[in-house]
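Listing of input22.cif, mmCIF, C-alpha atoms and all ligand atoms
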data_model
#
loop_
_atom_site.label_atom_id
_atom_site.label_comp_id
_atom_site.auth_asym_id
_atom_site.auth_seq_id
_atom_site.Cartn_x
_atom_site.Cartn_y
_atom_site.Cartn_z
CA MET A 1 -6.63 -7.74 -15.76
CA VAL A 2 -3.96 -6.06 -13.67
CA TYR A 3 -4.54 -3.53 -10.89
CA ASP A 4 -1.61 -1.83 -9.17
CA THR A 5 -1.89 -0.96 -5.47
CA HIS A 6 1.16 1.28 -5.25
CA ILE A 7 1.98 4.21 -7.56
CA HIS A 8 3.31 7.54 -6.25
CA ILE A 9 2.78 11.14 -7.24
CA MET A 10 6.12 12.64 -6.25
CA ASP A 11 6.34 15.91 -8.15
CA GLU A 12 4.15 18.79 -9.23
CA LYS A 13 3.28 17.73 -12.76
CA VAL A 14 -0.38 16.78 -13.26
CA GLU A 15 -0.78 14.70 -16.42
CA PRO A 16 -3.53 12.12 -15.87
CA ALA A 17 -4.29 11.55 -19.56
CA LYS A 18 -0.64 10.97 -20.48
CA PHE A 19 -0.14 8.74 -17.43
CA SER A 20 -3.31 6.70 -18.08
CA LYS A 21 -2.08 6.01 -21.59
CA LYS A 22 1.23 4.71 -20.21
CA LEU A 23 -0.67 2.54 -17.70
CA ARG A 24 -2.64 0.96 -20.52
CA GLN A 25 0.55 0.39 -22.54
CA ALA A 26 2.01 -1.42 -19.53
CA GLY A 27 -1.08 -3.64 -19.34
CA ILE A 28 -2.42 -2.07 -16.15
CA ASP A 29 -6.17 -1.46 -15.98
CA GLY A 30 -6.21 0.77 -12.90
CA CYS A 31 -4.18 1.77 -9.88
CA VAL A 32 -4.04 3.37 -6.48
CA LEU A 33 -2.42 6.80 -6.75
CA LEU A 34 -0.66 7.89 -3.58
CA SER A 35 -0.67 11.63 -3.00
CA GLN A 36 2.45 13.75 -2.64
CA PRO A 37 4.04 13.16 0.77
CA PRO A 38 3.45 15.16 3.95
CA LYS A 39 6.00 17.68 5.21
CA SER A 40 7.86 15.26 7.47
CA PHE A 41 8.83 13.19 4.43
CA TYR A 42 10.37 16.07 2.48
CA HIS A 43 13.90 14.72 2.34
CA HIS A 44 13.79 14.26 -1.43
CA SER A 45 14.73 17.19 -3.62
CA TYR A 46 11.76 16.45 -5.87
CA CYS A 47 9.26 16.99 -3.09
CA PHE A 48 7.73 20.41 -2.70
CA SER A 49 6.62 21.72 0.63
CA GLN A 50 2.85 21.98 0.41
CA LYS A 51 -0.08 22.36 2.72
CA ALA A 52 -2.19 19.22 3.25
CA SER A 53 -5.14 20.88 1.51
CA ASP A 54 -2.98 21.63 -1.56
CA ARG A 55 -1.79 18.03 -1.68
CA LEU A 56 -5.38 16.83 -1.47
CA ASP A 57 -6.36 19.18 -4.31
CA ASN A 58 -3.45 17.87 -6.36
CA LEU A 59 -4.55 14.26 -5.76
CA PHE A 60 -8.07 14.99 -6.96
CA THR A 61 -6.82 16.87 -10.01
CA TRP A 62 -5.08 13.61 -10.86
CA CYS A 63 -7.92 11.21 -10.03
CA GLY A 64 -11.04 13.34 -10.52
CA GLN A 65 -11.50 12.61 -14.22
CA SER A 66 -10.70 8.90 -14.18
CA GLU A 67 -12.63 5.91 -12.90
CA ASN A 68 -9.47 3.82 -12.81
CA LEU A 69 -7.22 6.02 -10.69
CA PHE A 70 -8.04 5.45 -7.01
CA PRO A 71 -6.95 8.30 -4.71
CA PHE A 72 -5.08 7.47 -1.48
CA PHE A 73 -4.07 10.41 0.70
CA TRP A 74 -0.66 10.25 2.40
CA ILE A 75 -0.79 11.50 5.97
CA ASP A 76 1.62 11.98 8.84
CA PRO A 77 -0.55 10.86 11.79
CA LEU A 78 1.56 12.88 14.22
CA GLU A 79 0.74 16.20 12.55
CA LYS A 80 -1.55 18.17 14.84
CA SER A 81 -4.19 18.47 12.13
CA ALA A 82 -4.09 14.77 11.16
CA LEU A 83 -7.67 13.99 12.23
CA LYS A 84 -8.91 17.07 10.40
CA GLN A 85 -6.97 16.01 7.31
CA VAL A 86 -8.57 12.57 7.40
CA LYS A 87 -12.01 14.12 7.75
CA ALA A 88 -11.43 16.47 4.80
CA ALA A 89 -10.03 13.67 2.63
CA VAL A 90 -12.96 11.36 3.39
CA LYS A 91 -15.42 14.14 2.61
CA ARG A 92 -13.65 14.71 -0.68
CA GLY A 93 -14.05 11.03 -1.64
CA VAL A 94 -10.65 9.55 -0.98
CA MET A 95 -10.53 5.73 -1.26
CA GLY A 96 -7.81 5.17 1.33
CA PHE A 97 -4.73 6.45 3.13
CA LYS A 98 -0.97 6.00 2.86
CA VAL A 99 1.33 6.06 5.89
CA ILE A 100 5.10 5.74 6.20
CA CYS A 101 6.18 5.49 9.83
CA ASP A 102 9.58 7.15 9.43
CA TYR A 103 10.12 8.73 12.86
CA TYR A 104 7.56 6.98 15.09
CA TYR A 105 6.42 3.43 15.71
CA PRO A 106 3.10 2.28 14.25
CA TYR A 107 1.89 1.56 17.78
CA ASP A 108 2.52 5.18 18.91
CA LYS A 109 -0.64 6.16 20.80
CA ARG A 110 -1.11 9.37 18.79
CA ALA A 111 -0.81 7.46 15.51
CA MET A 112 -3.15 4.71 16.70
CA GLU A 113 -5.84 7.29 17.39
CA VAL A 114 -5.66 8.43 13.77
CA PHE A 115 -5.65 4.86 12.41
CA ARG A 116 -8.73 4.15 14.53
CA PHE A 117 -10.48 7.17 13.05
CA ILE A 118 -9.64 5.97 9.53
CA ALA A 119 -11.10 2.55 10.37
CA GLU A 120 -14.26 4.19 11.70
CA ASN A 121 -14.55 5.91 8.33
CA LYS A 122 -14.21 2.49 6.66
CA LYS A 123 -11.10 3.37 4.65
CA PRO A 124 -8.03 1.16 4.18
CA ILE A 125 -4.43 2.12 5.01
CA LEU A 126 -1.40 1.18 2.92
CA PHE A 127 1.67 1.19 5.17
CA HIS A 128 5.27 1.10 4.12
CA SER A 129 7.08 -1.81 5.75
CA GLY A 130 10.63 -3.12 5.51
CA ILE A 131 13.85 -1.22 4.88
CA LEU A 132 13.23 2.43 4.08
CA TRP A 133 15.49 4.27 1.66
CA ASP A 134 15.19 7.78 2.98
CA GLY A 135 18.70 8.72 3.94
CA LYS A 136 18.16 8.60 7.70
CA MET A 137 17.63 6.16 10.56
CA SER A 138 14.04 4.98 10.07
CA SER A 139 13.79 1.29 9.11
CA ILE A 140 13.49 0.29 12.77
CA TYR A 141 9.98 1.82 12.75
CA ASN A 142 8.92 -0.43 9.89
CA ARG A 143 9.51 -3.96 11.08
CA PRO A 144 6.38 -6.09 10.63
CA ALA A 145 6.09 -7.02 14.31
CA GLY A 146 5.52 -3.34 15.13
CA PHE A 147 2.23 -3.53 13.22
CA GLU A 148 0.81 -6.23 15.53
CA ALA A 149 -0.72 -3.37 17.53
CA LEU A 150 -3.24 -2.84 14.71
CA ILE A 151 -4.94 -6.06 15.79
CA GLU A 152 -6.86 -3.97 18.34
CA ILE A 153 -8.40 -1.62 15.75
CA SER A 154 -11.85 -2.94 14.89
CA GLY A 155 -12.84 -2.75 11.27
CA LEU A 156 -9.38 -1.70 10.05
CA LYS A 157 -8.28 -2.95 6.63
CA PHE A 158 -4.55 -2.44 6.16
CA ALA A 159 -1.72 -3.62 3.92
CA LEU A 160 2.01 -3.87 4.60
CA ALA A 161 3.98 -3.00 1.49
CA HIS A 162 7.12 -4.51 -0.05
CA ILE A 163 6.56 -7.91 1.66
CA ALA A 164 8.50 -5.96 4.35
CA TRP A 165 11.79 -6.85 2.63
CA PRO A 166 14.22 -7.92 4.09
CA TRP A 167 11.91 -9.02 6.93
CA CYS A 168 9.65 -11.12 4.67
CA ASP A 169 9.75 -14.06 7.09
CA GLU A 170 8.72 -11.79 9.96
CA LEU A 171 5.87 -10.41 7.87
CA ILE A 172 4.60 -13.92 7.07
CA ALA A 173 4.75 -14.76 10.78
CA VAL A 174 2.76 -11.63 11.65
CA TYR A 175 0.17 -12.59 9.01
CA GLY A 176 -0.04 -16.02 10.66
CA LYS A 177 -0.56 -14.35 14.01
CA PHE A 178 -3.55 -12.41 12.65
CA GLN A 179 -4.99 -15.64 11.20
CA GLN A 180 -4.68 -17.42 14.53
CA ALA A 181 -6.16 -14.44 16.34
CA TYR A 182 -9.36 -14.69 14.28
CA LEU A 183 -9.83 -18.22 15.61
CA ALA A 184 -9.02 -17.29 19.19
CA ARG A 185 -11.04 -14.07 19.19
CA PRO A 186 -14.11 -14.18 16.95
CA ASP A 187 -14.79 -10.52 17.83
CA LEU A 188 -11.80 -9.35 15.77
CA SER A 189 -12.63 -7.61 12.53
CA VAL A 190 -9.24 -6.23 11.50
CA GLU A 191 -8.00 -7.46 8.10
CA MET A 192 -4.36 -7.59 7.00
CA PHE A 193 -3.22 -7.60 3.36
CA VAL A 194 0.28 -8.02 1.90
CA ASP A 195 1.34 -5.68 -0.89
CA ILE A 196 4.06 -7.49 -2.88
CA THR A 197 5.46 -4.31 -4.41
CA PRO A 198 9.27 -4.73 -4.62
CA GLY A 199 11.30 -4.11 -2.30
CA THR A 200 12.77 -7.43 -3.00
CA PRO A 201 15.85 -7.34 -5.23
CA ALA A 202 15.49 -9.74 -8.20
CA ILE A 203 17.35 -12.68 -6.67
CA PHE A 204 15.12 -12.58 -3.55
CA ARG A 205 11.85 -12.36 -5.48
CA LYS A 206 11.04 -16.01 -6.07
CA ASP A 207 12.15 -16.99 -2.58
CA ALA A 208 9.94 -14.31 -0.99
CA LEU A 209 6.87 -15.24 -3.04
CA TYR A 210 7.50 -18.95 -2.46
CA LYS A 211 7.50 -18.45 1.32
CA LEU A 212 4.54 -16.07 1.20
CA PHE A 213 2.30 -18.50 -0.67
CA LYS A 214 3.65 -21.83 0.57
CA THR A 215 4.12 -21.35 4.31
CA GLY A 216 0.64 -22.73 4.79
CA TYR A 217 -1.38 -19.72 5.91
CA ASP A 218 -4.61 -18.93 4.12
CA ILE A 219 -3.20 -15.94 2.27
CA LYS A 220 -4.50 -16.13 -1.28
CA ASP A 221 -7.27 -13.56 -0.73
CA HIS A 222 -4.93 -11.06 0.90
CA VAL A 223 -2.07 -10.54 -1.54
CA LEU A 224 -1.93 -7.36 -3.62
CA PHE A 225 0.17 -6.58 -6.69
CA GLY A 226 2.06 -3.28 -6.84
CA THR A 227 4.97 -1.65 -8.63
CA ASP A 228 6.05 1.41 -6.58
CA GLY A 229 6.07 3.33 -9.88
CA PHE A 230 6.15 7.14 -10.00
CA THR A 231 3.68 8.99 -12.23
CA SER A 232 6.47 11.19 -13.58
CA THR A 233 8.98 8.49 -14.43
CA PHE A 234 6.62 5.57 -15.16
CA ASP A 235 8.66 3.20 -17.31
CA VAL A 236 6.33 1.05 -19.42
CA LYS A 237 8.99 -1.51 -20.34
CA GLN A 238 10.19 -1.95 -16.77
CA ILE A 239 6.65 -2.28 -15.39
CA LYS A 240 5.74 -4.86 -18.04
CA THR A 241 8.77 -6.89 -17.00
CA MET A 242 7.70 -6.71 -13.34
CA ILE A 243 4.23 -8.04 -14.20
CA SER A 244 5.54 -10.85 -16.40
CA THR A 245 8.19 -11.85 -13.83
CA ASP A 246 5.60 -12.15 -11.05
CA ARG A 247 3.25 -14.08 -13.33
CA ARG A 248 6.05 -16.46 -14.32
CA ILE A 249 7.02 -17.05 -10.67
CA MET A 250 3.38 -17.64 -9.65
CA ASN A 251 3.04 -20.16 -12.48
CA GLU A 252 6.25 -21.88 -11.38
CA LEU A 253 4.80 -22.06 -7.87
CA ASP A 254 1.77 -23.82 -9.34
CA LEU A 255 -0.65 -21.35 -7.81
CA PRO A 256 -4.27 -21.95 -8.78
CA GLN A 257 -5.60 -19.45 -11.32
CA ALA A 258 -8.01 -18.10 -8.71
CA ALA A 259 -5.07 -17.12 -6.47
CA ILE A 260 -3.31 -15.34 -9.35
CA ASP A 261 -6.52 -13.53 -10.29
CA GLY A 262 -6.79 -12.52 -6.65
CA VAL A 263 -3.32 -10.96 -6.64
CA PHE A 264 -3.86 -8.94 -9.80
CA LEU A 265 -7.53 -7.99 -9.46
CA ASN A 266 -9.97 -9.36 -6.88
CA ASN A 267 -7.96 -8.63 -3.74
CA PHE A 268 -7.36 -5.08 -4.99
CA LYS A 269 -11.10 -4.58 -5.35
CA ARG A 270 -11.75 -5.78 -1.79
CA PHE A 271 -8.89 -3.73 -0.35
CA VAL A 272 -9.92 -0.50 -2.08
CA GLY A 273 -13.60 -1.16 -1.38
CA ILE A 274 -15.04 -1.48 -4.90
CA ALA A 275 -15.84 -5.21 -4.79
ZN ZN B 301 6.21 3.39 -2.33
#

Please lay out the structure from this file as structure tokens.
Ligand SMILES: [Zn+2]
Amino acid sequence: MVYDTHIHIMDEKVEPAKFSKKLRQAGIDGCVLLSQPPKSFYHHSYCFSQKASDRLDNLFTWCGQSENLFPFFWIDPLEKSALKQVKAAVKRGVMGFKVICDYYYPYDKRAMEVFRFIAENKKPILFHSGILWDGKMSSIYNRPAGFEALIEISGLKFALAHIAWPWCDELIAVYGKFQQAYLARPDLSVEMFVDITPGTPAIFRKDALYKLFKTGYDIKDHVLFGTDGFTSTFDVKQIKTMISTDRRIMNELDLPQAAIDGVFLNNFKRFVGIA
């Protein structure tokens, strides 16, 4: 089975049946669907300025009919109504939240307050990390070390996407830091996952996965598969190639079957909260 942690809704079309069929053709059994982005992210021509409540409605029109499409609501934690938006999304039945820190650091006090509220509501957060292709100065906000601050948020489950490419080594080090912190501070209940959605250009892929799995940290239960596909342009052939490439690399790395099953299914279930 294959579950995908990272697929975007980036336009106004709502075609869940057609999309689900394509997912099945690509060999994907279910996925996280990330809502249309908040206003601050509207630098793409294909994004439409919408109220948060409209974006939430759109997300549930997509996911409402399907058991295999898991709704994640994309918020800008610095919007004045962010806490209200989280509350409304949780009430509606959202499974998690998506955040891209594109003009503020993850440890910004205002953002941390919102992340804490999400943790209190027992929902996971999928963060962008690594270089950000958005046509402006923003990658600096997405270096893995900036996410260390989340260590203080009890009960938070979060994932850093794209293996933080090109800062994969830094991401692995931050993961190691969280591991060590559990030993040093048994009170900690924050949990970090790594979403291996590319990011990584093809020639970096094997190297990044090799380091991720072989550095020596206990990571096998915290790696998530993802594609960064868009619902509107979902390319079955390309996605199939991504899955087979990652499977081939994991086999070449001699990963135990349980670790591979974790990446494609079991870790997804724990992250999304359906295990
Ligand atoms: Zn993405």

For this session: Would you list the residues that come within 10 Å of ligand ZN 301 (chain B)? Count only C-alpha atoms and all ligand atoms and give the answer as an NGL selection string.
Result: :A and (5-9 or 34 or 98-100 or 126-129 or 132 or 161-162 or 197-199 or 226-230)

Proximity check segment 121-185 of chain A to segment 267-274 of chain A, 9 Å, nearest pairs one decimal Å, all atoms listed in the file, as CSV:
residue,atom,partner,partner_atom,distance
A:Lys122,CA,A:Gly273,CA,8.9
A:Lys123,CA,A:Val272,CA,7.9
A:Pro124,CA,A:Phe271,CA,6.7
A:Lys157,CA,A:Phe271,CA,7.0
A:Phe158,CA,A:Phe271,CA,7.9
A:Ala159,CA,A:Phe271,CA,8.3

Problem set entry | Within-12 Å shell of (3.6, 2.2, 21.5) in input frame, only C-alpha atoms, as JSON, numbers by chain | {"A": [104, 105, 106, 107, 108, 109, 110, 111, 112, 113, 141, 145, 146, 147, 148, 149, 150]}

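Between atom CA of Lys240 of chain A and atom CA of Ala202 of chain A the interatomic distance comes to 14.7 Å.
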
Exercise. Quick one, how far is atom CA of Cys101 of chain A from atom CA of Gln180 of chain A?
Worked result: 25.8 Å

For this session: Quick one: residues within 9 Å of (-6.2, -19.0, -2.0) (file frame), counting all atoms listed in the file, please, as a ChimeraX atom specification.
Result: /A:213,218-222,255-256,258-260,262

Exercise. So, counting all atoms listed in the file, which residue among A:Arg55, A:Lys177, A:Lys84, A:Lys13 is closest to Tyr217 of chain A?
Worked result: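 Comparing A:Arg55, A:Lys177, A:Lys84, A:Lys13 against Tyr217 of chain A, the winner is A:Lys177.
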
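With distances taken over all atoms listed in the file, A:Val236 is the one residue among A:Met242, A:Val236, A:Ala88, A:Leu78 lying closest to Ser20 of chain A.
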
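Distances here use all atoms listed in the file; by that measure, the residue among A:Ile131, A:Val194, A:Leu224, A:Val86 closest to Phe264 of chain A is A:Leu224.
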
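The two atoms in question, atom CA of Phe70 of chain A and atom CA of Leu33 of chain A, are spaced 5.8 Å apart.
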
For this session: Would you list the contacts of Ile153 of chain A as a PyMOL selection string, taking every protein, DNA or RNA residue within 10 Å and counting all atoms listed in the file, but skipping same-chain residues closer than 6 positions in sequence?
Result: chain A and resi 112-113+115-120+188-191

Problem set entry | Residue among A:Val32, A:Ala164, A:Ile172, A:Leu56 lying closest to Gly216 of chain A, counting all atoms listed in the file |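 Using all atoms listed in the file, the shortest distance to Gly216 of chain A belongs to A:Ile172.
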
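With only C-alpha atoms as the atoms that count, the residue of A:Met1, A:Met10, A:Ile140, A:Ala173 with the shortest distance to Gly27 of chain A is A:Met1.
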
Problem set entry | Residue among A:Tyr42, A:Tyr103, A:Tyr3, A:Phe73 lying closest to Val223 of chain A, counting only C-alpha atoms |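 Of all the options, A:Tyr3 lies closest to Val223 of chain A.
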
Leu212 of chain A: which residues within 9 Å, counting all atoms listed in the file, same-chain residues fewer than 2 positions away excluded, as a PDB file with C-alpha atoms, keeping the file's coordinate frame?
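Written out: part17.pdb:
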ATOM      1  CA  ILE A 163       6.560  -7.910   1.660  1.00  0.00           C
ATOM      2  CA  CYS A 168       9.650 -11.120   4.670  1.00  0.00           C
ATOM      3  CA  ASP A 169       9.750 -14.060   7.090  1.00  0.00           C
ATOM      4  CA  LEU A 171       5.870 -10.410   7.870  1.00  0.00           C
ATOM      5  CA  ILE A 172       4.600 -13.920   7.070  1.00  0.00           C
ATOM      6  CA  ASP A 207      12.150 -16.990  -2.580  1.00  0.00           C
ATOM      7  CA  ALA A 208       9.940 -14.310  -0.990  1.00  0.00           C
ATOM      8  CA  LEU A 209       6.870 -15.240  -3.040  1.00  0.00           C
ATOM      9  CA  TYR A 210       7.500 -18.950  -2.460  1.00  0.00           C
ATOM     10  CA  LYS A 214       3.650 -21.830   0.570  1.00  0.00           C
ATOM     11  CA  THR A 215       4.120 -21.350   4.310  1.00  0.00           C
ATOM     12  CA  GLY A 216       0.640 -22.730   4.790  1.00  0.00           C
ATOM     13  CA  TYR A 217      -1.380 -19.720   5.910  1.00  0.00           C
ATOM     14  CA  ILE A 219      -3.200 -15.940   2.270  1.00  0.00           C
TER      15      ILE A 219
END
